Each structure stands twice: as structure tokens, then as C-alpha cells.
Amino acid sequence: MDRARRRANRPAAAVLVALLAGLLTGCEASQVLPPPSPEPSVPAPAPARAVDNPAPVLFGSAPLVLSPRTTTASRLTPAAYLPLGSLSRDPVTQRIEPVLGSLSRTAVLIGDSQSVPQDSWVRGGLRGAGYSVYFAGAGGTGYTVGNRRVHAYVDALRRGDWRLPAGAPRLVVVEGGGNDATRGSSNAAIAAGARNLIAELRRTYPGARIAMVGTLARAAADGGGRRTRVDTLLRRTADGLKVPFVSCGDWISRYHLKGELADSVHLKPAGRARLAPVLAAALKARGLAIT
């Protein structure tokens, strides 16, 4: 009787064992599953596709070809991000300026025909004082007068007849007065032109030193005439502006350069070479040379 009862219960026991085994297996499986991620699931990105266009150029790393007449200020990149030779718009003056890199050893020179030649005594004097020279100017111009294409100094700057470079030059030098003297400009007009130009340069380059070089001429007793008087006028104007001034209204006589004149006011190459060290020494004496 007991044996028969045990045999009858065997199928039920087998089913119970199978159920227990299934439960245990499910528990073990739940223990090895990774914990849920706290981040929401993100679909995998699609594989990259080849494109025909090249990668975009980084801001300010490619040369720009800009026309000052058609390019607005908003489209011009700041000078600090532009390569050499690019154009930038000054945020203060709104003038277009070429980007030339560091100007820490550069003298920006504004002048007339006395400064135009590469071997001029003005450029040579600045180089002798330790500078590289950037020239902006033209023959036949001055504080009050221009030629057929270039206005007087301050108007030429404002109108863009020539451009000043972007940045902070070590020195800015204005040379001139000869054409103002020759063409009969009044003392008041010349002084006003000088004051306006210096004010514009201070606005353009607030950290730069500014100097003036006067009108190359003979001494008053040697036929200097109006040129010598304009040199004196510019010296007084510079003193009022607290701008260092190099007077050269008697240099042709003082340094015996009459035999080196190509005409009544311009020097031959040999004369320019002789006068350049004189200007370099004058700049040094005024603390304007690079030591």
C-alpha cells in the first residue's frame, strides 16, 4: 500500500523539482544582467559619407581679397585674425587698413617728394635710427595742398588716397611743408592742417609716439625764404602739440649740400646719403631711436 502510494506521488514530485529548478535558473539569470543605464539610449550615428566639397577653412586663416568700395565693415575680419596682406577696418576710424603683422620696430612715414625715394634722406634717417619704414604719402602734397590724384595730408588719410597699416607702430613721422610754402598757403592754414593731422593720427594710433620733420631748406640768410619760415612755423605748431620736432630749415646750408642739389629743393642720391645720418642722429638726440 505504501509502495503504491509512493509510486503514485513520483510524477508530482518530478513536476515540483522541475518548477523549482526553473525558478532558480531565472534568479541566476537576473543576477548576471547589466544594471540599467542612467542615460537615455541614443541611436548610433550613421556612417560618414564622402562629400565633394573640402572641409571649411578656419576663421581668418585664408587670405581675403576685399574691395574697400564694396565690402561692408561687418564682412571684414578683425586684424588680429588675418594673414599678412589682408585688409581690415579700424573699429575706431572705420578706415580700411592693410595687415602687415607686428609694427613694433616700424616707423610709419607720411611725407612729400622729400620722402618718396626709397633712398630718401628721411627714410634713410629712420632706418639709421633702427626702424623699418612704411611710407604713406606722395610728391606735391602737404598739410594744405595736394596733387591731381592725392589730397592734402589729413584729407588723403580720411579719403583713403593712401592707407595706414593696422596695428601699433613704434613711431609715426610726418615730414613736409615744402609744397605748402611753394604754393602760397597761409600760416593759419598750414598750422591748422598740421593740428588736424596730428589729432587724426593720435586717434588712429593712441599708443604710438608721433614726431614731425620740418621743411628742408637753406638758412634764412642764404636764401631760405618761405621754406625756412614754414619750418619755423611747424616747429612752433609741434611745440604747442607737444610733438617732438626735427627742424631742417637750414640744413642745405649748414651741411654744405648746395652742390648736391638736383634742383632748387631736392637732393641727388649722394646728398640724400649724406643727410640720412644727420636725421638719424637728430632722432636719437630726441630719444626717438630704437636702441
# chains A, B, ... in the order shown; residues from 1 in each chain; ligands from 1

$ residues_around --residues "stretch 252-267 of chain A" --least-positions-apart "3" --cutoff "12 Å" --atoms "only C-alpha atoms" --output "VMD selection string"
chain A and resid 112 to 117 119 to 122 139 177 to 179 181 to 182 215 to 225 227 to 228 247 to 249 270 to 279

$ closest_residue --among "A:Val92, A:Leu87, A:Met212, A:Val145" --to "A:Val108" --atoms "only C-alpha atoms"
A:Met212

$ residues_around --residues "A:Ala194" --least-positions-apart "2" --cutoff "12 Å" --atoms "only C-alpha atoms" --output "mmCIF file with N, CA, C and O atoms, in the first residue's frame"
data_model
loop_
_atom_site.group_PDB
_atom_site.id
_atom_site.type_symbol
_atom_site.label_atom_id
_atom_site.label_comp_id
_atom_site.auth_asym_id
_atom_site.auth_seq_id
_atom_site.Cartn_x
_atom_site.Cartn_y
_atom_site.Cartn_z
ATOM 1 N N ILE A 110 54.718 109.699 -43.154
ATOM 2 C CA ILE A 110 53.837 110.455 -44.040
ATOM 3 C C ILE A 110 54.653 111.628 -44.561
ATOM 4 O O ILE A 110 55.247 112.384 -43.766
ATOM 5 N N GLY A 142 51.033 118.192 -49.076
ATOM 6 C CA GLY A 142 51.478 118.794 -47.831
ATOM 7 C C GLY A 142 50.324 118.926 -46.867
ATOM 8 O O GLY A 142 49.293 118.267 -46.997
ATOM 9 N N TYR A 143 50.480 119.798 -45.891
ATOM 10 C CA TYR A 143 49.448 119.981 -44.866
ATOM 11 C C TYR A 143 48.200 120.654 -45.423
ATOM 12 O O TYR A 143 47.098 120.480 -44.883
ATOM 13 N N THR A 144 48.362 121.407 -46.510
ATOM 14 C CA THR A 144 47.218 122.144 -47.071
ATOM 15 C C THR A 144 47.013 121.894 -48.557
ATOM 16 O O THR A 144 45.978 122.316 -49.094
ATOM 17 N N VAL A 145 47.943 121.262 -49.231
ATOM 18 C CA VAL A 145 47.878 121.137 -50.692
ATOM 19 C C VAL A 145 48.003 119.680 -51.105
ATOM 20 O O VAL A 145 48.600 118.851 -50.401
ATOM 21 N N ALA A 152 45.579 116.812 -49.745
ATOM 22 C CA ALA A 152 46.447 117.204 -48.637
ATOM 23 C C ALA A 152 46.428 116.121 -47.557
ATOM 24 O O ALA A 152 45.522 115.298 -47.492
ATOM 25 N N TYR A 153 47.423 116.143 -46.692
ATOM 26 C CA TYR A 153 47.685 115.022 -45.785
ATOM 27 C C TYR A 153 46.449 114.488 -45.077
ATOM 28 O O TYR A 153 46.121 113.297 -45.176
ATOM 29 N N VAL A 154 45.763 115.327 -44.306
ATOM 30 C CA VAL A 154 44.667 114.804 -43.495
ATOM 31 C C VAL A 154 43.503 114.342 -44.370
ATOM 32 O O VAL A 154 42.850 113.332 -44.071
ATOM 33 N N ASP A 155 43.244 115.040 -45.475
ATOM 34 C CA ASP A 155 42.168 114.605 -46.366
ATOM 35 C C ASP A 155 42.550 113.334 -47.112
ATOM 36 O O ASP A 155 41.688 112.480 -47.362
ATOM 37 N N VAL A 174 55.773 112.644 -39.495
ATOM 38 C CA VAL A 174 55.207 113.475 -40.561
ATOM 39 C C VAL A 174 56.293 114.432 -41.033
ATOM 40 O O VAL A 174 56.846 115.202 -40.239
ATOM 41 N N GLU A 175 56.607 114.351 -42.315
ATOM 42 C CA GLU A 175 57.599 115.250 -42.919
ATOM 43 C C GLU A 175 56.895 116.104 -43.959
ATOM 44 O O GLU A 175 56.000 115.614 -44.658
ATOM 45 N N GLY A 176 57.275 117.373 -44.078
ATOM 46 C CA GLY A 176 56.663 118.178 -45.131
ATOM 47 C C GLY A 176 56.702 119.650 -44.858
ATOM 48 O O GLY A 176 57.420 120.136 -43.981
ATOM 49 N N GLY A 177 55.908 120.370 -45.637
ATOM 50 C CA GLY A 177 55.830 121.821 -45.538
ATOM 51 C C GLY A 177 56.350 122.533 -46.763
ATOM 52 O O GLY A 177 56.010 123.697 -46.998
ATOM 53 N N ASP A 180 53.520 123.394 -49.227
ATOM 54 C CA ASP A 180 52.692 124.449 -48.634
ATOM 55 C C ASP A 180 53.373 125.808 -48.808
ATOM 56 O O ASP A 180 52.715 126.817 -49.105
ATOM 57 N N ASN A 187 49.954 130.895 -43.069
ATOM 58 C CA ASN A 187 50.418 130.294 -41.820
ATOM 59 C C ASN A 187 49.279 129.631 -41.068
ATOM 60 O O ASN A 187 49.427 128.520 -40.526
ATOM 61 N N ALA A 188 48.117 130.300 -41.024
ATOM 62 C CA ALA A 188 46.982 129.753 -40.285
ATOM 63 C C ALA A 188 46.526 128.433 -40.886
ATOM 64 O O ALA A 188 46.218 127.474 -40.154
ATOM 65 N N ALA A 189 46.486 128.345 -42.207
ATOM 66 C CA ALA A 189 46.038 127.119 -42.859
ATOM 67 C C ALA A 189 47.034 125.980 -42.638
ATOM 68 O O ALA A 189 46.645 124.831 -42.388
ATOM 69 N N ILE A 190 48.325 126.282 -42.719
ATOM 70 C CA ILE A 190 49.346 125.246 -42.514
ATOM 71 C C ILE A 190 49.281 124.726 -41.081
ATOM 72 O O ILE A 190 49.310 123.500 -40.842
ATOM 73 N N ALA A 191 49.202 125.630 -40.122
ATOM 74 C CA ALA A 191 49.139 125.207 -38.714
ATOM 75 C C ALA A 191 47.878 124.389 -38.448
ATOM 76 O O ALA A 191 47.926 123.367 -37.742
ATOM 77 N N ALA A 192 46.755 124.801 -39.027
ATOM 78 C CA ALA A 192 45.512 124.047 -38.831
ATOM 79 C C ALA A 192 45.613 122.669 -39.467
ATOM 80 O O ALA A 192 45.154 121.668 -38.891
ATOM 81 N N ASN A 196 45.193 119.226 -37.342
ATOM 82 C CA ASN A 196 44.173 118.237 -37.712
ATOM 83 C C ASN A 196 44.797 116.878 -38.000
ATOM 84 O O ASN A 196 44.246 115.831 -37.627
ATOM 85 N N LEU A 197 45.929 116.877 -38.671
ATOM 86 C CA LEU A 197 46.584 115.598 -38.985
ATOM 87 C C LEU A 197 47.061 114.908 -37.714
ATOM 88 O O LEU A 197 46.851 113.704 -37.536
ATOM 89 N N ILE A 198 47.702 115.643 -36.825
ATOM 90 C CA ILE A 198 48.194 115.036 -35.584
ATOM 91 C C ILE A 198 47.032 114.494 -34.756
ATOM 92 O O ILE A 198 47.115 113.396 -34.179
ATOM 93 N N ALA A 199 45.910 115.212 -34.720
ATOM 94 C CA ALA A 199 44.745 114.708 -33.987
ATOM 95 C C ALA A 199 44.236 113.410 -34.600
ATOM 96 O O ALA A 199 43.872 112.464 -33.880
ATOM 97 N N GLU A 200 44.224 113.334 -35.921
ATOM 98 C CA GLU A 200 43.766 112.119 -36.589
ATOM 99 C C GLU A 200 44.728 110.965 -36.352
ATOM 100 O O GLU A 200 44.311 109.816 -36.162
ATOM 101 N N LEU A 201 46.007 111.241 -36.323
ATOM 102 C CA LEU A 201 46.998 110.189 -36.066
ATOM 103 C C LEU A 201 46.913 109.692 -34.627
ATOM 104 O O LEU A 201 47.074 108.496 -34.365
ATOM 105 N N ALA A 211 56.198 112.175 -34.267
ATOM 106 C CA ALA A 211 57.216 113.213 -34.426
ATOM 107 C C ALA A 211 56.996 113.915 -35.760
ATOM 108 O O ALA A 211 56.347 113.381 -36.669
ATOM 109 N N MET A 212 57.521 115.124 -35.867
ATOM 110 C CA MET A 212 57.441 115.887 -37.107
ATOM 111 C C MET A 212 58.842 116.252 -37.576
ATOM 112 O O MET A 212 59.719 116.576 -36.768
ATOM 113 N N VAL A 213 59.048 116.180 -38.888
ATOM 114 C CA VAL A 213 60.286 116.622 -39.528
ATOM 115 C C VAL A 213 59.913 117.807 -40.413
ATOM 116 O O VAL A 213 58.981 117.721 -41.218
ATOM 117 N N GLY A 214 60.652 118.905 -40.275
ATOM 118 C CA GLY A 214 60.271 120.139 -40.941
ATOM 119 C C GLY A 214 60.615 120.197 -42.419
ATOM 120 O O GLY A 214 60.748 119.174 -43.098
ATOM 121 N N VAL A 230 58.351 128.485 -43.065
ATOM 122 C CA VAL A 230 57.382 127.413 -42.802
ATOM 123 C C VAL A 230 57.961 126.395 -41.830
ATOM 124 O O VAL A 230 57.255 125.875 -40.961
ATOM 125 N N LEU A 233 57.455 127.872 -38.509
ATOM 126 C CA LEU A 233 56.031 127.783 -38.152
ATOM 127 C C LEU A 233 55.674 126.384 -37.673
ATOM 128 O O LEU A 233 54.974 126.208 -36.655
ATOM 129 N N LEU A 234 56.141 125.363 -38.368
ATOM 130 C CA LEU A 234 55.830 123.982 -37.988
ATOM 131 C C LEU A 234 56.475 123.628 -36.648
ATOM 132 O O LEU A 234 55.887 122.868 -35.869
ATOM 133 N N ARG A 235 57.653 124.177 -36.387
ATOM 134 C CA ARG A 235 58.277 123.918 -35.076
ATOM 135 C C ARG A 235 57.420 124.483 -33.957
ATOM 136 O O ARG A 235 57.202 123.815 -32.939
ATOM 137 N N ARG A 236 56.916 125.685 -34.131
ATOM 138 C CA ARG A 236 56.047 126.276 -33.100
ATOM 139 C C ARG A 236 54.753 125.464 -32.959
ATOM 140 O O ARG A 236 54.268 125.256 -31.834
ATOM 141 N N THR A 237 54.216 125.015 -34.069
ATOM 142 C CA THR A 237 52.987 124.215 -34.017
ATOM 143 C C THR A 237 53.235 122.901 -33.286
ATOM 144 O O THR A 237 52.423 122.478 -32.451
ATOM 145 N N ALA A 238 54.345 122.252 -33.589
ATOM 146 C CA ALA A 238 54.679 120.992 -32.923
ATOM 147 C C ALA A 238 54.889 121.198 -31.422
ATOM 148 O O ALA A 238 54.457 120.375 -30.605
ATOM 149 N N ASP A 239 55.528 122.300 -31.061
ATOM 150 C CA ASP A 239 55.721 122.584 -29.636
ATOM 151 C C ASP A 239 54.374 122.708 -28.934
ATOM 152 O O ASP A 239 54.195 122.208 -27.814
ATOM 153 N N GLY A 240 53.420 123.374 -29.587
ATOM 154 C CA GLY A 240 52.098 123.510 -28.990
ATOM 155 C C GLY A 240 51.367 122.191 -28.856
ATOM 156 O O GLY A 240 50.553 122.004 -27.945
ATOM 157 N N LEU A 241 51.654 121.269 -29.755
ATOM 158 C CA LEU A 241 51.037 119.940 -29.720
ATOM 159 C C LEU A 241 51.817 118.958 -28.849
ATOM 160 O O LEU A 241 51.399 117.814 -28.701
ATOM 161 N N VAL A 243 54.712 117.641 -29.598
ATOM 162 C CA VAL A 243 55.211 116.632 -30.526
ATOM 163 C C VAL A 243 56.692 116.925 -30.795
ATOM 164 O O VAL A 243 57.036 118.071 -31.140
#

$ atom_distance --atom1 "atom CA of A:Arg286" --atom2 "atom CA of A:Ala129"
11.1 Å

$ closest_residue --among "A:Gly184, A:Pro269, A:Gly160, A:Pro206" --to "A:Gln118" --atoms "only C-alpha atoms"
A:Pro269

$ select_by_dssp --residues "stretch 77-201 of chain A" --states "strand (DSSP E)" --output "list in words"
Leu87, Ser88, Arg89, Ile96, Glu97, Pro98, Thr106, Ala107, Val108, Leu109, Ile110, Gly111, Ser132, Val133, Tyr134, Phe135, Ala136, Gly137, Leu171, Val172, Val173, Val174 and Glu175 of chain A

$ write_last_selection --atoms "N, CA and C atoms" --output "PDB file, in the first residue's frame"
ATOM      1  N   LEU A  87      43.086  92.932 -45.624  1.00  0.00           N
ATOM      2  CA  LEU A  87      42.577  94.255 -45.283  1.00  0.00           C
ATOM      3  C   LEU A  87      41.660  94.152 -44.075  1.00  0.00           C
ATOM      4  N   SER A  88      41.726  95.169 -43.244  1.00  0.00           N
ATOM      5  CA  SER A  88      40.876  95.210 -42.061  1.00  0.00           C
ATOM      6  C   SER A  88      40.275  96.603 -41.937  1.00  0.00           C
ATOM      7  N   ARG A  89      39.165  96.709 -41.235  1.00  0.00           N
ATOM      8  CA  ARG A  89      38.573  98.015 -40.980  1.00  0.00           C
ATOM      9  C   ARG A  89      38.814  98.396 -39.524  1.00  0.00           C
ATOM     10  N   ILE A  96      39.879 101.529 -43.936  1.00  0.00           N
ATOM     11  CA  ILE A  96      40.467 100.274 -44.388  1.00  0.00           C
ATOM     12  C   ILE A  96      41.976 100.328 -44.184  1.00  0.00           C
ATOM     13  N   GLU A  97      42.544  99.262 -43.603  1.00  0.00           N
ATOM     14  CA  GLU A  97      43.967  99.231 -43.300  1.00  0.00           C
ATOM     15  C   GLU A  97      44.577  97.890 -43.716  1.00  0.00           C
ATOM     16  N   PRO A  98      45.753  97.890 -44.336  1.00  0.00           N
ATOM     17  CA  PRO A  98      46.434  96.634 -44.635  1.00  0.00           C
ATOM     18  C   PRO A  98      47.023  96.018 -43.372  1.00  0.00           C
ATOM     19  N   THR A 106      58.572  99.442 -36.465  1.00  0.00           N
ATOM     20  CA  THR A 106      58.234 100.137 -37.702  1.00  0.00           C
ATOM     21  C   THR A 106      57.959 101.610 -37.438  1.00  0.00           C
ATOM     22  N   ALA A 107      58.465 102.458 -38.332  1.00  0.00           N
ATOM     23  CA  ALA A 107      58.104 103.869 -38.353  1.00  0.00           C
ATOM     24  C   ALA A 107      57.181 104.092 -39.540  1.00  0.00           C
ATOM     25  N   VAL A 108      55.990 104.587 -39.282  1.00  0.00           N
ATOM     26  CA  VAL A 108      55.074 104.976 -40.349  1.00  0.00           C
ATOM     27  C   VAL A 108      55.418 106.408 -40.736  1.00  0.00           C
ATOM     28  N   LEU A 109      55.737 106.606 -42.001  1.00  0.00           N
ATOM     29  CA  LEU A 109      56.191 107.904 -42.500  1.00  0.00           C
ATOM     30  C   LEU A 109      55.155 108.487 -43.445  1.00  0.00           C
ATOM     31  N   ILE A 110      54.718 109.699 -43.154  1.00  0.00           N
ATOM     32  CA  ILE A 110      53.837 110.455 -44.040  1.00  0.00           C
ATOM     33  C   ILE A 110      54.653 111.628 -44.561  1.00  0.00           C
ATOM     34  N   GLY A 111      54.700 111.784 -45.886  1.00  0.00           N
ATOM     35  CA  GLY A 111      55.547 112.847 -46.403  1.00  0.00           C
ATOM     36  C   GLY A 111      55.304 113.182 -47.853  1.00  0.00           C
ATOM     37  N   SER A 132      62.252  99.873 -39.495  1.00  0.00           N
ATOM     38  CA  SER A 132      61.784  99.608 -40.845  1.00  0.00           C
ATOM     39  C   SER A 132      60.741 100.679 -41.139  1.00  0.00           C
ATOM     40  N   VAL A 133      60.575 101.010 -42.421  1.00  0.00           N
ATOM     41  CA  VAL A 133      59.780 102.173 -42.776  1.00  0.00           C
ATOM     42  C   VAL A 133      58.585 101.764 -43.625  1.00  0.00           C
ATOM     43  N   TYR A 134      57.410 102.259 -43.229  1.00  0.00           N
ATOM     44  CA  TYR A 134      56.208 102.158 -44.054  1.00  0.00           C
ATOM     45  C   TYR A 134      55.874 103.570 -44.504  1.00  0.00           C
ATOM     46  N   PHE A 135      55.844 103.796 -45.816  1.00  0.00           N
ATOM     47  CA  PHE A 135      55.613 105.138 -46.335  1.00  0.00           C
ATOM     48  C   PHE A 135      54.184 105.307 -46.829  1.00  0.00           C
ATOM     49  N   ALA A 136      53.578 106.430 -46.460  1.00  0.00           N
ATOM     50  CA  ALA A 136      52.256 106.816 -46.943  1.00  0.00           C
ATOM     51  C   ALA A 136      52.330 108.293 -47.308  1.00  0.00           C
ATOM     52  N   GLY A 137      52.209 108.605 -48.570  1.00  0.00           N
ATOM     53  CA  GLY A 137      52.296 109.993 -48.976  1.00  0.00           C
ATOM     54  C   GLY A 137      52.507 110.089 -50.474  1.00  0.00           C
ATOM     55  N   LEU A 171      56.625 104.276 -34.080  1.00  0.00           N
ATOM     56  CA  LEU A 171      56.783 105.713 -34.296  1.00  0.00           C
ATOM     57  C   LEU A 171      56.012 106.116 -35.542  1.00  0.00           C
ATOM     58  N   VAL A 172      55.418 107.300 -35.507  1.00  0.00           N
ATOM     59  CA  VAL A 172      54.783 107.897 -36.686  1.00  0.00           C
ATOM     60  C   VAL A 172      55.476 109.224 -36.932  1.00  0.00           C
ATOM     61  N   VAL A 173      55.959 109.418 -38.159  1.00  0.00           N
ATOM     62  CA  VAL A 173      56.693 110.629 -38.509  1.00  0.00           C
ATOM     63  C   VAL A 173      55.978 111.332 -39.652  1.00  0.00           C
ATOM     64  N   VAL A 174      55.773 112.644 -39.495  1.00  0.00           N
ATOM     65  CA  VAL A 174      55.207 113.475 -40.561  1.00  0.00           C
ATOM     66  C   VAL A 174      56.293 114.432 -41.033  1.00  0.00           C
ATOM     67  N   GLU A 175      56.607 114.351 -42.315  1.00  0.00           N
ATOM     68  CA  GLU A 175      57.599 115.250 -42.919  1.00  0.00           C
ATOM     69  C   GLU A 175      56.895 116.104 -43.959  1.00  0.00           C
TER      70      GLU A 175
END

$ closest_residue --among "A:Ser104, A:Thr93, A:Ser186, A:Ser86" --to "A:Arg226" --atoms "only C-alpha atoms"
A:Ser186

$ atom_distance --atom1 "atom CA of A:Arg95" --atom2 "atom CA of A:Arg203"
11.7 Å
